[in-house]
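*Asks:* What follows is run_4.csv, made up of CSV, C-alpha atoms:
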```csv
chain,number,residue,atom,x,y,z
Z,1,LYS,CA,-55.3,-73.8,-58.0
Z,2,GLU,CA,-56.4,-71.3,-55.4
Z,3,GLU,CA,-53.4,-72.3,-53.2
Z,4,LEU,CA,-51.1,-71.5,-56.2
Z,5,LEU,CA,-52.8,-68.1,-56.7
Z,6,SER,CA,-52.4,-67.4,-53.0
Z,7,LEU,CA,-48.7,-68.2,-53.1
Z,8,MET,CA,-48.2,-66.1,-56.1
Z,9,ALA,CA,-50.0,-63.2,-54.4
Z,10,GLU,CA,-47.8,-63.6,-51.3
Z,11,ASN,CA,-44.7,-63.6,-53.5
Z,12,GLU,CA,-45.9,-60.5,-55.3
Z,13,GLU,CA,-46.4,-58.7,-51.9
Z,14,ARG,CA,-43.0,-59.8,-50.7
Z,15,LEU,CA,-41.4,-58.6,-53.9
Z,16,LYS,CA,-43.2,-55.2,-53.6
Z,17,ALA,CA,-42.1,-54.9,-50.0
Z,18,LYS,CA,-38.5,-55.7,-51.0
Z,19,ARG,CA,-38.5,-53.2,-53.8
Z,20,ALA,CA,-39.9,-50.6,-51.5
Z,21,ARG,CA,-37.2,-51.2,-48.9
Z,22,GLU,CA,-34.5,-51.1,-51.7
Z,23,GLU,CA,-35.9,-47.8,-53.0
Z,24,GLU,CA,-36.0,-46.4,-49.5
Z,25,ASP,CA,-32.4,-47.6,-48.9
Z,26,ALA,CA,-31.3,-46.0,-52.2
Z,27,ARG,CA,-33.0,-42.7,-51.3
Z,28,GLN,CA,-31.4,-42.7,-47.8
Z,29,LYS,CA,-27.9,-43.4,-49.3
Z,30,ALA,CA,-28.4,-40.6,-51.9
Z,31,ALA,CA,-29.5,-38.2,-49.1
Z,32,GLU,CA,-26.4,-39.2,-47.0
Z,33,GLU,CA,-24.1,-38.8,-50.0
Z,34,GLU,CA,-25.6,-35.4,-50.7
Z,35,ALA,CA,-25.2,-34.3,-47.1
Z,36,ARG,CA,-21.6,-35.6,-47.1
Z,37,GLN,CA,-20.8,-33.6,-50.3
Z,38,LYS,CA,-22.5,-30.5,-48.9
Z,39,ALA,CA,-20.4,-30.8,-45.7
Z,40,ALA,CA,-17.2,-31.3,-47.7
Z,41,ALA,CA,-18.0,-28.2,-49.9
Z,42,GLU,CA,-18.7,-26.1,-46.8
Z,43,LEU,CA,-15.5,-27.2,-45.2
Z,44,GLN,CA,-13.6,-26.4,-48.3
Z,45,ALA,CA,-15.2,-23.0,-48.5
Z,46,GLU,CA,-14.3,-22.4,-44.9
Z,47,GLU,CA,-10.7,-23.5,-45.4
Z,48,GLU,CA,-10.4,-21.1,-48.4
Z,49,ALA,CA,-11.9,-18.2,-46.4
Z,50,LEU,CA,-9.5,-18.9,-43.6
Z,51,GLN,CA,-6.6,-18.9,-46.0
Z,52,ARG,CA,-7.7,-15.6,-47.6
Z,53,ALA,CA,-8.2,-14.1,-44.1
Z,54,GLU,CA,-4.7,-15.2,-43.1
Z,55,GLN,CA,-3.2,-13.7,-46.3
Z,56,GLU,CA,-5.1,-10.5,-45.7
Z,57,GLY,CA,-4.0,-10.4,-42.1
Z,58,GLU,CA,-0.3,-10.8,-43.1
Z,59,ALA,CA,-0.7,-8.0,-45.6
Z,60,ARG,CA,-2.4,-5.8,-42.9
Z,61,LEU,CA,0.3,-6.6,-40.4
Z,62,ALA,CA,3.0,-5.6,-42.8
Z,63,ALA,CA,1.1,-2.4,-43.7
Z,64,VAL,CA,0.1,-1.1,-40.2
Z,65,GLY,CA,2.5,-2.8,-37.9
Z,66,PRO,CA,1.9,-5.1,-34.9
Z,67,ASP,CA,0.3,-2.6,-32.5
Z,68,ALA,CA,-2.3,-1.3,-35.0
Z,69,ALA,CA,-2.9,-4.9,-36.2
Z,70,CYS,CA,-3.6,-6.1,-32.6
Z,71,ALA,CA,-6.0,-3.2,-32.1
Z,72,GLU,CA,-7.8,-4.0,-35.4
Z,73,ALA,CA,-7.9,-7.7,-34.4
Z,74,LEU,CA,-9.5,-6.9,-31.0
Z,75,ALA,CA,-12.1,-4.7,-32.7
Z,76,ALA,CA,-12.9,-7.5,-35.1
Z,77,MET,CA,-13.3,-9.9,-32.2
Z,78,LEU,CA,-15.8,-7.5,-30.6
Z,79,ALA,CA,-18.1,-8.0,-33.5
Z,80,VAL,CA,-19.0,-11.5,-32.5
Z,81,PRO,CA,-21.5,-12.5,-29.7
Z,82,VAL,CA,-20.2,-12.0,-26.2
Z,83,GLY,CA,-19.9,-15.7,-25.3
Z,84,VAL,CA,-17.8,-16.4,-28.4
Z,85,TYR,CA,-15.7,-13.3,-27.6
Z,86,ARG,CA,-15.1,-14.4,-24.0
Z,87,ARG,CA,-14.0,-17.8,-25.1
Z,88,ALA,CA,-11.6,-16.3,-27.7
Z,89,VAL,CA,-10.1,-13.9,-25.2
Z,90,SER,CA,-9.8,-16.7,-22.6
Z,91,ALA,CA,-7.9,-18.9,-25.1
Z,92,LEU,CA,-5.7,-15.9,-26.1
Z,93,HIS,CA,-5.0,-15.3,-22.4
Z,94,GLU,CA,-3.9,-18.9,-21.9
Z,95,LEU,CA,-1.5,-18.7,-24.8
Z,96,LEU,CA,-0.1,-15.4,-23.7
Z,97,ALA,CA,0.1,-16.5,-20.0
Z,98,ALA,CA,2.2,-19.6,-21.1
Z,99,VAL,CA,4.6,-17.3,-23.0
Z,100,ALA,CA,4.8,-14.9,-20.0
Z,101,ALA,CA,5.5,-17.8,-17.7
Z,102,GLU,CA,8.3,-19.1,-19.8
Z,103,PRO,CA,9.5,-16.3,-22.2
Z,104,GLN,CA,12.7,-18.2,-23.2
Z,105,ASP,CA,10.7,-21.2,-24.6
Z,106,VAL,CA,10.4,-20.3,-28.3
Z,107,ARG,CA,8.1,-23.3,-28.9
Z,108,LEU,CA,5.3,-21.5,-27.1
Z,109,ARG,CA,5.3,-18.8,-29.7
Z,110,VAL,CA,4.4,-21.2,-32.5
Z,111,VAL,CA,0.8,-21.7,-33.6
Z,112,ARG,CA,0.0,-25.0,-35.3
Z,113,VAL,CA,-2.6,-23.8,-37.7
Z,114,ALA,CA,-3.4,-27.4,-38.9
Z,115,ASN,CA,-4.4,-28.4,-35.3
Z,116,GLU,CA,-8.1,-28.8,-35.0
Z,117,GLY,CA,-8.0,-27.8,-31.4
Z,118,PHE,CA,-6.6,-24.4,-32.5
Z,119,HIS,CA,-9.3,-24.0,-35.0
Z,120,GLU,CA,-12.0,-24.8,-32.4
Z,121,SER,CA,-10.7,-22.3,-29.9
Z,122,LEU,CA,-9.2,-19.5,-32.0
Z,123,GLY,CA,-8.6,-20.3,-35.6
Z,124,ARG,CA,-12.1,-19.7,-36.8
Z,125,ARG,CA,-12.6,-16.5,-34.7
Z,126,PRO,CA,-12.5,-13.2,-36.5
Z,127,GLY,CA,-9.3,-11.3,-35.7
Z,128,ALA,CA,-7.6,-14.1,-33.6
Z,129,ARG,CA,-5.0,-15.0,-36.1
Z,130,LEU,CA,-4.1,-11.4,-36.8
Z,131,PHE,CA,-3.8,-10.7,-33.1
Z,132,LEU,CA,-1.5,-13.7,-32.6
Z,133,ARG,CA,0.7,-12.6,-35.4
Z,134,GLY,CA,0.7,-9.0,-34.1
Z,135,VAL,CA,2.0,-10.2,-30.7
Z,136,GLY,CA,4.7,-12.3,-32.3
Z,137,PHE,CA,3.3,-15.8,-32.8
Z,138,GLN,CA,4.5,-17.7,-35.9
Z,139,PRO,CA,2.1,-19.9,-37.9
Z,140,ARG,CA,3.1,-23.5,-38.6
Z,141,SER,CA,1.3,-26.2,-40.6
```
Any chance you could put this one into structure tokens?

*Replies:*
Amino acid sequence: KEELLSLMAENEERLKAKRAREEEDARQKAAEEEARQKAAAELQAEEEALQRAEQEGEARLAAVGPDAACAEALAAMLAVPVGVYRRAVSALHELLAAVAAEPQDVRLRVVRVANEGFHESLGRRPGARLFLRGVGFQPRS
């Protein structure tokens, strides 16, 4: 009888441990799902903000012309920390140097706005898109 009670107690402990693991797994999955949803919402908000900024930039370009738009874009870029500004200016320099090296190549004047590399280097930087549009780059999806 004692042996049976001992086995029942062991089973009860195993069951409790299993339930605890399942509950922890469920909590972890819920936390991961919440983090995924939060990241997706942040990405969506960023995409919407970028789209609004692009529309505002196009309107501003039409209103003030390319020279003033470039000046405004550079002023907006100066509002970010120096390291970010330097990386943005370096990326802009690379794009403009490529166009200057081969001015007849129209493909160099196209910005693929859906390209993640573009977003990392310039697309998410204040003023960068407006500057590129001001100097004649055309956006493409």

*Asks:* Atom CA of Z:Leu78 to atom CA of Z:Gly127: how many Å, to one decimal?

*Replies:* 9.1 Å

*Asks:* At most 8 Å from (-8.7, -7.4, -34.4), file frame, all atoms listed in the file: which residues, as a PDB file with C-alpha atoms, in the coordinates of the input?

*Replies:*
```pdb
ATOM      1  CA  ALA Z  69      -2.900  -4.900 -36.200  1.00  0.00           C
ATOM      2  CA  CYS Z  70      -3.600  -6.100 -32.600  1.00  0.00           C
ATOM      3  CA  ALA Z  71      -6.000  -3.200 -32.100  1.00  0.00           C
ATOM      4  CA  GLU Z  72      -7.800  -4.000 -35.400  1.00  0.00           C
ATOM      5  CA  ALA Z  73      -7.900  -7.700 -34.400  1.00  0.00           C
ATOM      6  CA  LEU Z  74      -9.500  -6.900 -31.000  1.00  0.00           C
ATOM      7  CA  ALA Z  75     -12.100  -4.700 -32.700  1.00  0.00           C
ATOM      8  CA  ALA Z  76     -12.900  -7.500 -35.100  1.00  0.00           C
ATOM      9  CA  MET Z  77     -13.300  -9.900 -32.200  1.00  0.00           C
ATOM     10  CA  PRO Z 126     -12.500 -13.200 -36.500  1.00  0.00           C
ATOM     11  CA  GLY Z 127      -9.300 -11.300 -35.700  1.00  0.00           C
ATOM     12  CA  ALA Z 128      -7.600 -14.100 -33.600  1.00  0.00           C
ATOM     13  CA  LEU Z 130      -4.100 -11.400 -36.800  1.00  0.00           C
ATOM     14  CA  PHE Z 131      -3.800 -10.700 -33.100  1.00  0.00           C
TER      15      PHE Z 131
END
```

*Asks:* Please measure the separation of atom CA of Z:Gln104 and atom CA of Z:Gly136, giving the value in Å to one decimal.

*Replies:*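 Going from atom CA of Z:Gln104 over to atom CA of Z:Gly136 covers 13.5 Å.
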
*Asks:* Env of Z:Val111: 8 Å cut, atoms = only C-alpha atoms, seq-sep filter 4 positions within chain, self excluded. Answer as a JSON list (two decimals) with C-alpha atoms, in the coordinates of the input.

*Replies:*
```json
[["chain", "number", "residue", "atom", "x", "y", "z"],
["Z", 118, "PHE", "CA", -6.60, -24.40, -32.50],
["Z", 137, "PHE", "CA", 3.30, -15.80, -32.80],
["Z", 138, "GLN", "CA", 4.50, -17.70, -35.90],
["Z", 139, "PRO", "CA", 2.10, -19.90, -37.90],
["Z", 140, "ARG", "CA", 3.10, -23.50, -38.60]]
```

*Asks:* So how far away is atom CA of Z:Arg124 from atom CA of Z:Val82, in Å?

*Replies:* 15.4 Å

*Asks:* Within 12 Å of (0.2, -6.7, -41.8) (file coordinates; only C-alpha atoms), which protein or nucleic acid residues are there? I'd like them as JSON, numbers by chain.

*Replies:* {"Z": [53, 54, 55, 56, 57, 58, 59, 60, 61, 62, 63, 64, 65, 66, 67, 68, 69, 70, 72, 73, 129, 130, 131, 132, 133, 134, 135, 136]}

*Asks:* Using only C-alpha atoms, which residues sit within 10 Å of Z:Ser121 once same-chain residues fewer than 6 positions away are excluded, as a PDB file with C-alpha atoms, keeping the file's coordinate frame?

*Replies:*
```pdb
ATOM      1  CA  VAL Z  84     -17.800 -16.400 -28.400  1.00  0.00           C
ATOM      2  CA  ARG Z  87     -14.000 -17.800 -25.100  1.00  0.00           C
ATOM      3  CA  ALA Z  88     -11.600 -16.300 -27.700  1.00  0.00           C
ATOM      4  CA  VAL Z  89     -10.100 -13.900 -25.200  1.00  0.00           C
ATOM      5  CA  SER Z  90      -9.800 -16.700 -22.600  1.00  0.00           C
ATOM      6  CA  ALA Z  91      -7.900 -18.900 -25.100  1.00  0.00           C
ATOM      7  CA  LEU Z  92      -5.700 -15.900 -26.100  1.00  0.00           C
ATOM      8  CA  ALA Z 128      -7.600 -14.100 -33.600  1.00  0.00           C
TER       9      ALA Z 128
END
```

*Asks:* Counting all atoms listed in the file, figure out which residue out of Z:Leu95, Z:Tyr85, Z:Glu23, Z:Ser6 gets nearest to Z:Arg107.

*Replies:*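 That would be Z:Leu95, the residue with the smallest distance to Z:Arg107.
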
*Asks:* Generate the missing atoms of stretch 77-88 of chain Z up to N, CA and C atoms and report them as a PDB file, in the coordinates of the input.

*Replies:*
```
ATOM      1  N   MET Z  77     -12.797  -8.936 -33.143  1.00  0.00           N
ATOM      2  CA  MET Z  77     -13.300  -9.900 -32.200  1.00  0.00           C
ATOM      3  C   MET Z  77     -14.553  -9.416 -31.475  1.00  0.00           C
ATOM      4  N   LEU Z  78     -14.616  -8.117 -31.247  1.00  0.00           N
ATOM      5  CA  LEU Z  78     -15.800  -7.500 -30.600  1.00  0.00           C
ATOM      6  C   LEU Z  78     -17.049  -7.616 -31.376  1.00  0.00           C
ATOM      7  N   ALA Z  79     -16.923  -7.898 -32.660  1.00  0.00           N
ATOM      8  CA  ALA Z  79     -18.100  -8.000 -33.500  1.00  0.00           C
ATOM      9  C   ALA Z  79     -18.878  -9.278 -33.357  1.00  0.00           C
ATOM     10  N   VAL Z  80     -18.309 -10.236 -32.657  1.00  0.00           N
ATOM     11  CA  VAL Z  80     -19.000 -11.500 -32.500  1.00  0.00           C
ATOM     12  C   VAL Z  80     -19.792 -11.492 -31.166  1.00  0.00           C
ATOM     13  N   PRO Z  81     -20.705 -12.439 -30.971  1.00  0.00           N
ATOM     14  CA  PRO Z  81     -21.500 -12.500 -29.700  1.00  0.00           C
ATOM     15  C   PRO Z  81     -20.557 -12.583 -28.490  1.00  0.00           C
ATOM     16  N   VAL Z  82     -21.036 -12.086 -27.375  1.00  0.00           N
ATOM     17  CA  VAL Z  82     -20.200 -12.000 -26.200  1.00  0.00           C
ATOM     18  C   VAL Z  82     -19.647 -13.319 -25.719  1.00  0.00           C
ATOM     19  N   GLY Z  83     -20.427 -14.381 -25.760  1.00  0.00           N
ATOM     20  CA  GLY Z  83     -19.900 -15.700 -25.300  1.00  0.00           C
ATOM     21  C   GLY Z  83     -18.750 -16.153 -26.181  1.00  0.00           C
ATOM     22  N   VAL Z  84     -18.854 -15.977 -27.479  1.00  0.00           N
ATOM     23  CA  VAL Z  84     -17.800 -16.400 -28.400  1.00  0.00           C
ATOM     24  C   VAL Z  84     -16.553 -15.496 -28.127  1.00  0.00           C
ATOM     25  N   TYR Z  85     -16.780 -14.200 -27.918  1.00  0.00           N
ATOM     26  CA  TYR Z  85     -15.700 -13.300 -27.600  1.00  0.00           C
ATOM     27  C   TYR Z  85     -14.967 -13.674 -26.348  1.00  0.00           C
ATOM     28  N   ARG Z  86     -15.728 -13.989 -25.316  1.00  0.00           N
ATOM     29  CA  ARG Z  86     -15.100 -14.400 -24.000  1.00  0.00           C
ATOM     30  C   ARG Z  86     -14.270 -15.633 -24.171  1.00  0.00           C
ATOM     31  N   ARG Z  87     -14.781 -16.609 -24.920  1.00  0.00           N
ATOM     32  CA  ARG Z  87     -14.000 -17.800 -25.100  1.00  0.00           C
ATOM     33  C   ARG Z  87     -12.715 -17.557 -25.884  1.00  0.00           C
ATOM     34  N   ALA Z  88     -12.801 -16.689 -26.896  1.00  0.00           N
ATOM     35  CA  ALA Z  88     -11.600 -16.300 -27.700  1.00  0.00           C
ATOM     36  C   ALA Z  88     -10.594 -15.614 -26.810  1.00  0.00           C
TER      37      ALA Z  88
END
```
